$ cat input_39.csv   # CSV, C-alpha atoms
chain,number,residue,atom,x,y,z
A,1009,MET,CA,-20.3,-23.1,-18.6
A,1010,THR,CA,-21.5,-21.6,-15.4
A,1011,THR,CA,-19.5,-21.3,-12.2
A,1012,THR,CA,-21.5,-24.1,-10.7
A,1013,ASP,CA,-20.3,-26.4,-13.5
A,1014,LEU,CA,-16.6,-25.9,-12.9
A,1015,PRO,CA,-14.5,-29.0,-12.1
A,1016,PRO,CA,-13.1,-29.2,-8.6
A,1017,SER,CA,-9.7,-28.0,-9.7
A,1018,LEU,CA,-11.0,-24.6,-10.7
A,1019,LEU,CA,-12.6,-21.7,-8.7
A,1020,ALA,CA,-14.5,-18.8,-10.2
A,1021,THR,CA,-13.1,-15.3,-10.1
A,1022,LEU,CA,-15.0,-12.0,-9.6
A,1023,PRO,CA,-17.0,-11.0,-12.7
A,1024,GLY,CA,-15.5,-8.6,-15.3
A,1025,ARG,CA,-17.6,-5.7,-14.2
A,1026,SER,CA,-16.0,-5.8,-10.8
A,1027,TYR,CA,-12.9,-4.3,-12.5
A,1028,THR,CA,-14.5,-1.7,-14.7
A,1029,ASP,CA,-17.9,-0.5,-13.3
A,1030,PRO,CA,-17.7,3.0,-11.8
A,1031,ALA,CA,-20.5,2.0,-9.4
A,1032,VAL,CA,-18.5,-0.9,-8.1
A,1033,PHE,CA,-15.5,1.3,-7.6
A,1034,ALA,CA,-17.5,3.9,-5.8
A,1035,LEU,CA,-18.8,1.2,-3.5
A,1036,GLU,CA,-15.2,0.1,-2.9
A,1037,GLN,CA,-14.2,3.6,-2.1
A,1038,ALA,CA,-16.9,3.9,0.6
A,1039,LYS,CA,-16.8,0.4,2.1
A,1040,ILE,CA,-13.1,-0.5,1.8
A,1041,PHE,CA,-10.7,2.4,1.3
A,1042,GLU,CA,-12.7,4.8,3.5
A,1043,ALA,CA,-13.6,2.1,6.1
A,1044,ASP,CA,-10.3,0.3,6.7
A,1045,TRP,CA,-6.8,1.3,7.8
A,1046,PHE,CA,-4.9,2.8,4.8
A,1047,CYS,CA,-1.1,3.2,4.7
A,1048,ALA,CA,-0.9,6.8,3.7
A,1049,VAL,CA,2.5,8.4,4.4
A,1050,ARG,CA,6.1,7.4,5.4
A,1051,SER,CA,6.6,9.0,8.8
A,1052,ALA,CA,10.1,10.1,8.0
A,1053,ASP,CA,8.9,12.1,5.0
A,1054,LEU,CA,7.4,14.6,7.4
A,1055,ALA,CA,10.6,15.5,9.2
A,1056,GLY,CA,9.6,18.5,11.3
A,1057,PRO,CA,6.6,20.6,12.6
A,1058,GLY,CA,4.5,21.9,9.7
A,1059,ALA,CA,5.6,19.3,7.2
A,1060,PHE,CA,2.6,17.8,5.3
A,1061,GLU,CA,1.6,15.5,2.6
A,1062,THR,CA,-1.8,15.1,0.9
A,1063,VAL,CA,-3.0,11.7,-0.3
A,1064,GLN,CA,-6.1,10.3,-1.9
A,1065,ILE,CA,-8.0,7.8,0.2
A,1066,GLY,CA,-11.2,6.7,-1.5
A,1067,LYS,CA,-12.9,9.8,-2.8
A,1068,GLU,CA,-11.4,11.9,0.0
A,1069,SER,CA,-8.2,14.1,-0.1
A,1070,VAL,CA,-6.4,13.6,3.2
A,1071,LEU,CA,-3.9,16.0,4.8
A,1072,VAL,CA,-1.3,14.3,7.0
A,1073,SER,CA,1.0,16.7,8.9
A,1074,ARG,CA,3.4,16.9,11.8
A,1075,GLY,CA,2.3,19.0,14.8
A,1076,ARG,CA,4.4,21.2,17.1
A,1077,SER,CA,4.7,18.3,19.6
A,1078,GLY,CA,6.2,16.1,16.9
A,1079,LYS,CA,3.0,14.0,16.7
A,1080,LEU,CA,1.5,13.2,13.3
A,1081,ASN,CA,-2.2,14.2,12.6
A,1082,ALA,CA,-4.5,13.4,9.8
A,1083,PHE,CA,-7.4,15.6,8.6
A,1084,LEU,CA,-9.8,15.8,5.7
A,1085,ASN,CA,-8.2,18.4,3.3
A,1086,VAL,CA,-11.4,20.5,3.3
A,1087,CYS,CA,-11.9,24.0,4.7
A,1088,ARG,CA,-14.9,24.0,7.1
A,1089,HIS,CA,-16.1,27.4,5.8
A,1090,ARG,CA,-17.2,26.8,2.2
A,1091,GLY,CA,-15.5,23.5,1.4
A,1092,ALA,CA,-12.5,24.7,-0.5
A,1093,ARG,CA,-9.5,22.4,-0.9
A,1094,LEU,CA,-7.1,23.5,1.8
A,1095,CYS,CA,-3.8,22.3,0.4
A,1096,THR,CA,-3.5,21.7,-3.3
A,1097,SER,CA,0.1,20.6,-3.5
A,1098,GLY,CA,1.2,17.1,-2.8
A,1099,SER,CA,3.6,18.0,0.0
A,1100,GLY,CA,5.3,20.9,1.6
A,1101,THR,CA,5.9,22.7,4.9
A,1102,VAL,CA,3.9,25.5,6.6
A,1103,LYS,CA,5.4,27.7,9.4
A,1104,ARG,CA,2.6,27.8,11.9
A,1105,ALA,CA,-0.8,27.1,10.3
A,1106,PHE,CA,-2.8,26.0,7.2
A,1107,GLN,CA,-4.6,28.9,5.6
A,1108,CYS,CA,-7.4,28.5,3.1
A,1109,PRO,CA,-6.6,30.5,0.0
A,1110,TYR,CA,-10.3,31.4,-0.6
A,1111,HIS,CA,-11.4,33.3,2.5
A,1112,ALA,CA,-8.3,32.9,4.7
A,1113,TRP,CA,-9.8,30.7,7.3
A,1114,THR,CA,-6.7,29.5,9.2
A,1115,TYR,CA,-6.1,26.3,11.1
A,1116,GLY,CA,-3.3,25.4,13.6
A,1117,LEU,CA,-1.2,22.3,13.1
A,1118,ASP,CA,-3.5,20.6,15.5
A,1119,GLY,CA,-6.5,21.4,13.2
A,1120,LYS,CA,-8.1,24.0,15.4
A,1121,LEU,CA,-9.6,27.1,13.8
A,1122,VAL,CA,-7.2,29.9,14.9
A,1123,ALA,CA,-8.2,32.8,12.7
A,1124,ALA,CA,-10.7,34.0,10.1
A,1125,PRO,CA,-11.8,37.5,8.8
A,1126,ASN,CA,-14.2,39.0,11.4
A,1127,LEU,CA,-13.9,35.9,13.6
A,1128,THR,CA,-13.7,38.0,16.8
A,1129,GLY,CA,-17.2,39.3,15.9
A,1130,MET,CA,-18.6,35.8,16.0
A,1131,PRO,CA,-18.0,34.8,19.6
A,1132,ASP,CA,-20.5,31.9,19.4
A,1133,VAL,CA,-18.2,30.0,16.9
A,1134,ASP,CA,-16.5,27.2,18.7
A,1135,ARG,CA,-13.0,27.0,17.2
A,1136,THR,CA,-12.5,23.4,18.0
A,1137,GLU,CA,-15.9,22.3,16.6
A,1138,PHE,CA,-15.2,24.3,13.4
A,1139,GLY,CA,-11.7,23.0,13.1
A,1140,LEU,CA,-10.5,20.5,10.5
A,1141,THR,CA,-12.2,17.1,10.5
A,1142,LYS,CA,-9.7,14.9,12.3
A,1143,LEU,CA,-9.1,11.3,11.3
A,1144,HIS,CA,-7.7,8.3,13.2
A,1145,LEU,CA,-4.0,7.7,12.7
A,1146,ARG,CA,-1.7,5.0,13.9
A,1147,GLU,CA,2.1,4.8,13.2
A,1148,TRP,CA,3.6,1.3,12.5
A,1149,LEU,CA,6.5,0.0,10.5
A,1150,GLY,CA,7.6,3.7,10.0
A,1151,TYR,CA,4.4,4.6,8.2
A,1152,ALA,CA,1.3,6.6,9.1
A,1153,TRP,CA,-1.8,4.5,8.7
A,1154,VAL,CA,-5.1,6.4,8.5
A,1155,CYS,CA,-8.7,5.4,8.9
A,1156,LEU,CA,-11.6,7.6,7.8
A,1157,ALA,CA,-14.3,5.6,9.6
A,1158,ASP,CA,-15.9,7.0,12.7
A,1159,GLU,CA,-15.2,3.8,14.5
A,1160,PRO,CA,-12.1,2.2,12.9
A,1161,PRO,CA,-11.6,-1.6,12.9
A,1162,SER,CA,-9.1,-3.1,15.3
A,1163,PHE,CA,-5.6,-2.3,14.0
A,1164,ASP,CA,-4.2,-5.3,15.8
A,1165,GLU,CA,-6.8,-7.7,14.2
A,1166,THR,CA,-6.7,-6.3,10.7
A,1167,VAL,CA,-3.3,-4.8,9.9
A,1168,ILE,CA,-1.0,-6.6,12.3
A,1169,GLY,CA,-3.3,-9.6,12.0
A,1170,ALA,CA,-2.4,-9.9,8.3
A,1171,VAL,CA,1.3,-10.2,9.2
A,1172,THR,CA,0.5,-12.8,11.9
A,1173,GLU,CA,-1.6,-14.8,9.4
A,1174,ARG,CA,1.2,-14.8,6.9
A,1175,LEU,CA,4.3,-15.2,9.0
A,1176,GLY,CA,2.8,-17.0,12.0
A,1177,GLY,CA,3.3,-14.1,14.5
A,1178,PRO,CA,4.1,-10.4,14.7
A,1179,ALA,CA,7.5,-10.9,16.2
A,1180,GLU,CA,8.7,-12.3,12.9
A,1181,ILE,CA,8.4,-8.9,11.2
A,1182,ASP,CA,9.8,-7.0,14.3
A,1183,ALA,CA,13.1,-8.7,13.6
A,1184,TYR,CA,13.6,-6.6,10.5
A,1185,GLY,CA,13.4,-3.3,12.4
A,1186,ILE,CA,11.5,-1.6,9.6
A,1187,ASP,CA,10.6,1.5,11.5
A,1188,GLY,CA,14.3,2.2,11.9
A,1189,LEU,CA,15.3,1.8,8.3
A,1190,ALA,CA,16.1,4.6,5.8
A,1191,LEU,CA,14.6,5.2,2.4
A,1192,GLY,CA,17.1,4.2,-0.3
A,1193,LYS,CA,14.9,4.5,-3.3
A,1194,ARG,CA,11.3,5.4,-4.2
A,1195,ILE,CA,9.7,4.7,-7.5
A,1196,GLU,CA,6.1,5.6,-8.4
A,1197,TYR,CA,4.2,3.6,-11.0
A,1198,ASP,CA,1.0,4.9,-12.7
A,1199,VAL,CA,-0.7,1.5,-13.5
A,1200,LYS,CA,-3.6,1.4,-15.9
A,1201,ALA,CA,-5.3,-1.4,-14.1
A,1202,ASN,CA,-7.8,-2.0,-11.3
A,1203,TRP,CA,-6.4,-2.2,-7.8
A,1204,LYS,CA,-7.6,-5.8,-7.4
A,1205,GLN,CA,-5.7,-6.9,-10.5
A,1206,ILE,CA,-2.5,-5.8,-8.8
A,1207,ILE,CA,-3.3,-7.6,-5.5
A,1208,GLU,CA,-4.2,-10.8,-7.3
A,1209,ASN,CA,-1.0,-10.7,-9.3
A,1210,PHE,CA,1.1,-10.2,-6.2
A,1211,MET,CA,-0.6,-13.1,-4.4
A,1212,GLU,CA,0.2,-15.8,-6.9
A,1213,CYS,CA,3.3,-17.1,-8.7
A,1214,TYR,CA,1.6,-19.2,-11.4
A,1215,HIS,CA,2.9,-16.5,-13.8
A,1216,CYS,CA,6.5,-16.3,-12.4
A,1217,ALA,CA,8.1,-18.7,-14.7
A,1218,THR,CA,6.5,-16.9,-17.7
A,1219,ILE,CA,7.3,-13.3,-17.0
A,1220,HIS,CA,9.9,-13.1,-14.2
A,1221,PRO,CA,13.2,-14.6,-15.4
A,1222,GLU,CA,15.3,-12.5,-13.0
A,1223,LEU,CA,13.2,-13.3,-10.0
A,1224,THR,CA,13.0,-17.1,-10.6
A,1225,GLU,CA,16.8,-17.1,-11.1
A,1226,VAL,CA,17.2,-15.7,-7.5
A,1227,LEU,CA,14.2,-17.7,-6.1
A,1228,PRO,CA,14.2,-21.0,-8.1
A,1229,GLU,CA,11.1,-22.5,-6.3
A,1230,PHE,CA,9.0,-19.7,-7.8
A,1231,ALA,CA,9.4,-21.3,-11.2
A,1232,GLY,CA,7.1,-24.1,-9.9
A,1233,GLY,CA,4.2,-21.8,-9.7
A,1234,TYR,CA,3.6,-21.6,-6.0
A,1235,ALA,CA,4.0,-18.2,-4.3
A,1236,ALA,CA,5.6,-17.8,-0.9
A,1237,GLN,CA,2.3,-16.4,0.4
A,1238,TYR,CA,0.6,-19.7,-0.3
A,1239,TYR,CA,2.1,-21.2,2.9
A,1240,VAL,CA,1.9,-19.7,6.4
A,1241,GLY,CA,5.4,-18.9,7.6
A,1242,HIS,CA,7.1,-20.1,4.5
A,1243,GLY,CA,9.9,-18.0,3.0
A,1244,ALA,CA,11.2,-18.7,-0.5
A,1245,GLU,CA,14.8,-19.8,-0.4
A,1246,PHE,CA,17.6,-18.2,-2.5
A,1247,GLY,CA,19.2,-20.4,-5.1
A,1248,GLY,CA,22.3,-22.3,-4.1
A,1249,ASP,CA,24.7,-20.0,-6.0
A,1250,ILE,CA,22.8,-16.8,-5.2
A,1251,LYS,CA,24.6,-14.4,-2.9
A,1252,GLY,CA,22.0,-11.6,-2.5
A,1253,PHE,CA,18.6,-10.4,-3.6
A,1254,THR,CA,20.0,-8.5,-6.5
A,1255,VAL,CA,19.3,-8.4,-10.3
A,1256,ASP,CA,22.4,-10.6,-11.0
A,1257,GLY,CA,22.3,-12.6,-7.8
A,1258,GLY,CA,25.5,-11.0,-6.6
A,1259,GLU,CA,26.3,-9.7,-3.1
A,1260,GLY,CA,23.8,-7.3,-1.5
A,1261,VAL,CA,24.5,-4.8,1.3
A,1262,ASP,CA,24.8,-5.2,5.0
A,1263,ARG,CA,22.4,-7.7,6.5
A,1264,LEU,CA,19.7,-6.4,8.9
A,1265,PRO,CA,21.1,-7.3,12.3
A,1266,GLY,CA,17.8,-8.4,13.9
A,1267,ILE,CA,16.9,-11.2,11.5
A,1268,THR,CA,17.4,-14.8,12.6
A,1269,GLU,CA,19.4,-17.5,10.9
A,1270,ALA,CA,16.1,-19.1,9.9
A,1271,GLN,CA,15.2,-15.9,8.0
A,1272,ASP,CA,18.5,-15.5,6.3
A,1273,ARG,CA,18.7,-16.2,2.5
A,1274,LYS,CA,14.9,-16.1,2.3
A,1275,TYR,CA,12.2,-13.9,0.8
A,1276,TYR,CA,8.8,-13.3,2.5
A,1277,ALA,CA,5.9,-11.6,0.9
A,1278,ILE,CA,2.9,-10.2,2.9
A,1279,THR,CA,-0.4,-8.7,1.6
A,1280,ILE,CA,-2.1,-6.2,4.0
A,1281,LYS,CA,-5.5,-5.4,2.6
A,1282,PRO,CA,-6.6,-3.2,1.0
A,1283,GLY,CA,-3.4,-2.0,-0.6
A,1284,VAL,CA,0.0,-2.8,1.0
A,1285,PHE,CA,2.7,-5.3,0.0
A,1286,VAL,CA,5.6,-5.9,2.3
A,1287,ASN,CA,8.6,-7.8,0.9
A,1288,LEU,CA,11.3,-9.0,3.4
A,1289,VAL,CA,14.8,-10.0,2.4
A,1290,PRO,CA,17.9,-10.2,4.6
A,1291,ASP,CA,19.4,-6.8,3.7
A,1292,HIS,CA,16.4,-4.7,2.8
A,1293,VAL,CA,12.6,-4.3,2.8
A,1294,ILE,CA,10.4,-3.3,-0.1
A,1295,LEU,CA,7.1,-1.8,0.7
A,1296,HIS,CA,4.3,-1.0,-1.9
A,1297,ARG,CA,1.5,1.4,-1.2
A,1298,MET,CA,-1.5,1.4,-3.6
A,1299,PHE,CA,-3.7,4.4,-4.2
A,1300,PRO,CA,-6.7,3.4,-6.3
A,1301,LEU,CA,-7.7,6.5,-8.4
A,1302,ALA,CA,-10.2,5.1,-10.9
A,1303,PRO,CA,-11.7,1.7,-11.9
A,1304,ASP,CA,-8.8,1.3,-14.4
A,1305,ARG,CA,-6.0,3.3,-12.7
A,1306,THR,CA,-3.9,2.8,-9.6
A,1307,LEU,CA,-0.9,4.7,-8.4
A,1308,VAL,CA,1.7,2.5,-6.7
A,1309,ARG,CA,4.5,4.0,-4.5
A,1310,CYS,CA,7.3,1.5,-3.9
A,1311,ASP,CA,9.9,2.2,-1.2
A,1312,TRP,CA,13.2,0.3,-0.9
A,1313,LEU,CA,14.4,0.5,2.7
A,1314,TYR,CA,17.9,-0.2,4.1
A,1315,LEU,CA,19.9,0.3,7.2
A,1316,PRO,CA,20.5,4.1,7.7
A,1317,GLU,CA,24.3,3.6,7.6
A,1318,VAL,CA,24.0,1.9,4.3
A,1319,VAL,CA,22.1,4.8,2.7
A,1320,GLU,CA,24.3,7.4,4.3
A,1321,SER,CA,27.5,5.8,3.1
A,1322,GLY,CA,26.4,6.1,-0.5
A,1323,GLN,CA,26.7,2.4,-1.3
A,1324,ASP,CA,25.5,1.4,-4.7
A,1325,LEU,CA,21.9,0.1,-4.3
A,1326,SER,CA,21.1,-0.1,-8.0
A,1327,ARG,CA,21.4,-3.9,-8.3
A,1328,SER,CA,19.0,-4.6,-5.4
A,1329,VAL,CA,16.6,-1.9,-6.6
A,1330,GLU,CA,16.8,-3.1,-10.2
A,1331,LEU,CA,15.6,-6.6,-9.3
A,1332,PHE,CA,12.2,-5.6,-7.9
A,1333,HIS,CA,11.9,-2.7,-10.3
A,1334,ARG,CA,11.9,-5.2,-13.1
A,1335,VAL,CA,9.5,-7.4,-11.3
A,1336,ASN,CA,7.2,-4.4,-10.8
A,1337,LEU,CA,7.3,-3.5,-14.5
A,1338,GLN,CA,6.7,-7.0,-15.6
A,1339,ASP,CA,3.8,-7.4,-13.2
A,1340,PHE,CA,2.1,-4.1,-14.0
A,1341,GLU,CA,2.3,-4.8,-17.7
A,1342,ALA,CA,0.5,-8.1,-17.1
A,1343,CYS,CA,-2.1,-6.4,-15.0
A,1344,GLU,CA,-2.7,-3.8,-17.7
A,1345,ARG,CA,-3.0,-6.6,-20.3
A,1346,CYS,CA,-5.7,-8.2,-18.2
A,1347,GLN,CA,-7.5,-4.9,-17.6
A,1348,LEU,CA,-8.0,-4.5,-21.4
A,1349,SER,CA,-10.3,-7.5,-21.4
A,1350,MET,CA,-12.3,-7.0,-18.3
A,1351,ASP,CA,-15.3,-5.5,-20.3
A,1352,SER,CA,-15.2,-8.2,-22.9
A,1353,ARG,CA,-18.3,-10.4,-23.2
A,1354,SER,CA,-15.9,-13.4,-23.0
A,1355,TYR,CA,-15.2,-12.3,-19.4
A,1356,THR,CA,-18.7,-11.2,-18.3
A,1357,GLY,CA,-18.9,-14.1,-15.8
A,1358,GLY,CA,-15.2,-13.8,-14.9
A,1359,GLY,CA,-12.4,-16.3,-15.2
A,1360,VAL,CA,-11.0,-19.2,-13.1
A,1361,LEU,CA,-8.4,-19.9,-10.5
A,1362,VAL,CA,-6.2,-23.0,-10.8
A,1363,PRO,CA,-5.2,-24.8,-7.6
A,1364,SER,CA,-2.0,-22.7,-6.9
A,1365,GLU,CA,-4.2,-19.6,-7.0
A,1366,HIS,CA,-7.1,-20.9,-4.8
A,1367,HIS,CA,-6.0,-18.6,-1.9
A,1368,ILE,CA,-7.0,-15.7,-4.2
A,1369,GLY,CA,-10.5,-16.9,-3.7
A,1370,ALA,CA,-10.3,-15.9,-0.1
A,1371,PHE,CA,-9.4,-12.3,-1.2
A,1372,HIS,CA,-12.4,-12.3,-3.5
A,1373,ASP,CA,-14.6,-13.5,-0.6
A,1374,TRP,CA,-13.3,-10.6,1.5
A,1375,VAL,CA,-14.2,-8.1,-1.3
A,1376,ARG,CA,-17.7,-9.6,-1.7
A,1377,ALA,CA,-18.3,-9.5,2.1
A,1378,LYS,CA,-17.1,-5.8,2.3
A,1379,LEU,CA,-19.5,-4.8,-0.5
A,1380,ALA,CA,-22.4,-6.9,0.6

$ encode --input "input_39.csv" --output "C-alpha cells"
Amino acid sequence: MTTTDLPPSLLATLPGRSYTDPAVFALEQAKIFEADWFCAVRSADLAGPGAFETVQIGKESVLVSRGRSGKLNAFLNVCRHRGARLCTSGSGTVKRAFQCPYHAWTYGLDGKLVAAPNLTGMPDVDRTEFGLTKLHLREWLGYAWVCLADEPPSFDETVIGAVTERLGGPAEIDAYGIDGLALGKRIEYDVKANWKQIIENFMECYHCATIHPELTEVLPEFAGGYAAQYYVGHGAEFGGDIKGFTVDGGEGVDRLPGITEAQDRKYYAITIKPGVFVNLVPDHVILHRMFPLAPDRTLVRCDWLYLPEVVESGQDLSRSVELFHRVNLQDFEACERCQLSMDSRSYTGGGVLVPSEHHIGAFHDWVRAKLA
C-alpha cells in the first residue's frame, strides 16, 4: 500500500531512511541545527567572568562564556590560526583569556585576539578581524540560545512563537518565572535514537496508557491517548485525589507564586523546535535540551527547576524528580525500540499516524520544508 492509498484516518510518516541516513543527518545539521535558535547553556551555570561551557550544535563545537561585563558570548570553538580546537573540556573557568594549546594564540573573553608569538612583528594583523568567530546569542527563560546563521530567524516568531502557538500567548509562560528558578536536579540521557524519534514521542500520548503507568495515574486524561499539546491552551488536569506532580501523587513543594488559579493543578507541555521541551506544573518546571550527535544517537539534558528557596532549604525533591525521570526512561526505551527498525525493508516507506497523532504530521512537514 502506498501513502496515496491510505484511508483518511491515517497519515504517512517520514520514510525510514530519514532516521538512519548519514546524508540526511548532515543536511539536518546544516539546515536545522546550524540555522535555527538552539538552546545551548543554562545561564546560571556560567556564574562569573571566564566561566565557559562547550556544546555541540550541528557539526560545530560552540564555546559559550561569560565576559568581564557579565554578558554571555558565544563563539565557534576554533582557533583562527590553524584551526585547533580551543577548549577541549566540556566546562571550566579561565582567568583572563582563552589560549590555544597549539601555538598559544590567545583570545580575550570578548573573543578579540590579544596575544600570539611574534604578533607585535605583524602590525598588519587586525586583532578583531582575527578574533574568534562570534555567534548570535539571546537569553530567555534563564538559558542562552545560540544561532550559527549569519542572519538568524526572528527569535520572537520562532522560539517565543512556539510558546504562543501552544499556550495561546507568551504571558502564559511568564507566570512561571522560569528565569528566576534554581536548578534542583539535572540528569543526562544518552539515547540511542534519532532526534526526531524523541520529538515525535513527546508530542503524542497514544502510547501513554501502554508505557506510562505513573504519569497516567497523576494525569488520568492521558490514558485516553490525547496529549496536552494536541489542544492550544489546554493543560492536562491532575486526578481528583492527586495532590502534586510526584511519583506517588503526594504533596509537592511550594507552588510558584506567579501562576494563576487556572494554571494550578495542571500540566502543560511545549515543544520548541528543533530540540527543546518545556514542561510546566504548579511547583516546578522541567526543561529538556536535545543535542543530536549522530543519526542514531541523541544526548538529552533534563533540568528540574524550583524556587530558589526550595532548593536552598534542602527539601526532598526526589519524588517530583522521580516521576519525570521514569517517564524519560520509558520514553527513551520506546524511541530506541523504534530506531532498531528504521532501516528495515518493512519501514522503507515509513509508517502511519493515527488521528490523535495527526499533529505530528505538521512537524514532519516542517522538517521536509527545512531540508527542501

$ closest_atom_pairs --input "input_39.csv" --of "region 1131-1181 of chain A" --to "region 1079-1098 of chain A" --cutoff "10 Å" --atoms "only C-alpha atoms" --output "tab-separated table"
residue	atom	partner	partner_atom	distance
A:Glu1137	CA	A:Arg1088	CA	9.7
A:Phe1138	CA	A:Arg1088	CA	6.3
A:Gly1139	CA	A:Arg1088	CA	6.9
A:Leu1140	CA	A:Phe1083	CA	6.1
A:Thr1141	CA	A:Phe1083	CA	5.4
A:Lys1142	CA	A:Phe1083	CA	4.4
A:Leu1143	CA	A:Ala1082	CA	5.3
A:His1144	CA	A:Ala1082	CA	6.9
A:Leu1145	CA	A:Ala1082	CA	6.4
A:Arg1146	CA	A:Leu1080	CA	8.8
A:Glu1147	CA	A:Leu1080	CA	8.4
A:Ala1152	CA	A:Leu1080	CA	7.8
A:Trp1153	CA	A:Ala1082	CA	9.4
A:Val1154	CA	A:Ala1082	CA	7.1
A:Cys1155	CA	A:Ala1082	CA	9.1
A:Leu1156	CA	A:Leu1084	CA	8.7

$ closest_residue --input "input_39.csv" --among "A:Leu1014, A:Ala1235, A:Ala1020, A:Leu1035" --to "Val1360 (chain A)" --atoms "all atoms listed in the file"
A:Ala1020

$ closest_residue --input "input_39.csv" --among "A:Ala1059, A:Ala1217, A:Leu1288, A:Ile1065" --to "Val1171 (chain A)" --atoms "all atoms listed in the file"
A:Leu1288

$ residues_around --input "input_39.csv" --residues "His1242 (chain A)" --least-positions-apart "4" --cutoff "12 Å" --atoms "all atoms listed in the file" --output "ChimeraX atom specification"
/A:1173-1176,1180,1229,1234-1238,1270-1271,1274-1278,1288

$ atom_distance --input "input_39.csv" --atom1 "CA of Leu1264 (chain A)" --atom2 "CA of Leu1315 (chain A)"
6.9 Å

$ residues_around --input "input_39.csv" --residues "Ala1038 (chain A)" --least-positions-apart "2" --cutoff "10 Å" --atoms "all atoms listed in the file" --output "list in words"
Phe1033, Ala1034, Leu1035, Glu1036, Ile1040, Phe1041, Glu1042, Ala1043, Asp1044, Ile1065, Gly1066, Lys1067, Glu1068, Leu1156, Ala1157, Lys1378 and Leu1379 of chain A

$ atom_distance --input "input_39.csv" --atom1 "CA of His1220 (chain A)" --atom2 "CA of Thr1021 (chain A)"
23.5 Å

$ closest_residue --input "input_39.csv" --among "A:Glu1208, A:Asp1013, A:Asp1053, A:Glu1196" --to "Leu1361 (chain A)" --atoms "only C-alpha atoms"
A:Glu1208

$ atom_distance --input "input_39.csv" --atom1 "CA of Met1130 (chain A)" --atom2 "CA of Cys1108 (chain A)"
18.6 Å

$ residues_around --input "input_39.csv" --residues "Cys1343 (chain A)" --least-positions-apart "6" --cutoff "12 Å" --atoms "only C-alpha atoms" --output "ChimeraX atom specification"
/A:1027,1198-1210,1215,1219,1304-1306,1336-1337,1349-1350

$ closest_residue --input "input_39.csv" --among "A:Ile1250, A:Ala1124, A:Ala1244, A:Ile1168" --to "Cys1213 (chain A)" --atoms "all atoms listed in the file"
A:Ala1244

$ closest_residue --input "input_39.csv" --among "A:Glu1330, A:Glu1320, A:Asp1029, A:Asp1351" --to "Val1255 (chain A)" --atoms "only C-alpha atoms"
A:Glu1330

$ residues_around --input "input_39.csv" --residues "Leu1019 (chain A)" --least-positions-apart "4" --cutoff "10 Å" --atoms "all atoms listed in the file" --output "tab-separated table (two decimals) with C-alpha atoms, keeping the file's coordinate frame"
chain	number	residue	atom	x	y	z
A	1011	THR	CA	-19.50	-21.30	-12.20
A	1012	THR	CA	-21.50	-24.10	-10.70
A	1014	LEU	CA	-16.60	-25.90	-12.90
A	1015	PRO	CA	-14.50	-29.00	-12.10
A	1359	GLY	CA	-12.40	-16.30	-15.20
A	1360	VAL	CA	-11.00	-19.20	-13.10
A	1361	LEU	CA	-8.40	-19.90	-10.50
A	1362	VAL	CA	-6.20	-23.00	-10.80
A	1363	PRO	CA	-5.20	-24.80	-7.60
A	1365	GLU	CA	-4.20	-19.60	-7.00
A	1366	HIS	CA	-7.10	-20.90	-4.80
A	1367	HIS	CA	-6.00	-18.60	-1.90
A	1368	ILE	CA	-7.00	-15.70	-4.20
A	1369	GLY	CA	-10.50	-16.90	-3.70

$ residues_around --input "input_39.csv" --residues "Asp1272 (chain A)" --least-positions-apart "2" --cutoff "12 Å" --atoms "all atoms listed in the file" --output "list of chain:residue names"
A:Ala1183, A:Tyr1184, A:Gly1243, A:Ala1244, A:Glu1245, A:Phe1246, A:Lys1251, A:Gly1252, A:Phe1253, A:Arg1263, A:Leu1264, A:Pro1265, A:Gly1266, A:Ile1267, A:Thr1268, A:Glu1269, A:Ala1270, A:Lys1274, A:Tyr1275, A:Tyr1276, A:Leu1288, A:Val1289, A:Pro1290, A:Asp1291, A:His1292

$ closest_residue --input "input_39.csv" --among "A:Cys1346, A:Ile1181, A:Val1261, A:Leu1127" --to "Asn1287 (chain A)" --atoms "all atoms listed in the file"
A:Ile1181

$ residues_near_point --input "input_39.csv" --point "(7.8, -0.3, -9.5)" --cutoff "10 Å" --atoms "only C-alpha atoms" --output "PyMOL selection string"
chain A and resi 1194-1199+1296+1308-1311+1329-1330+1332-1340
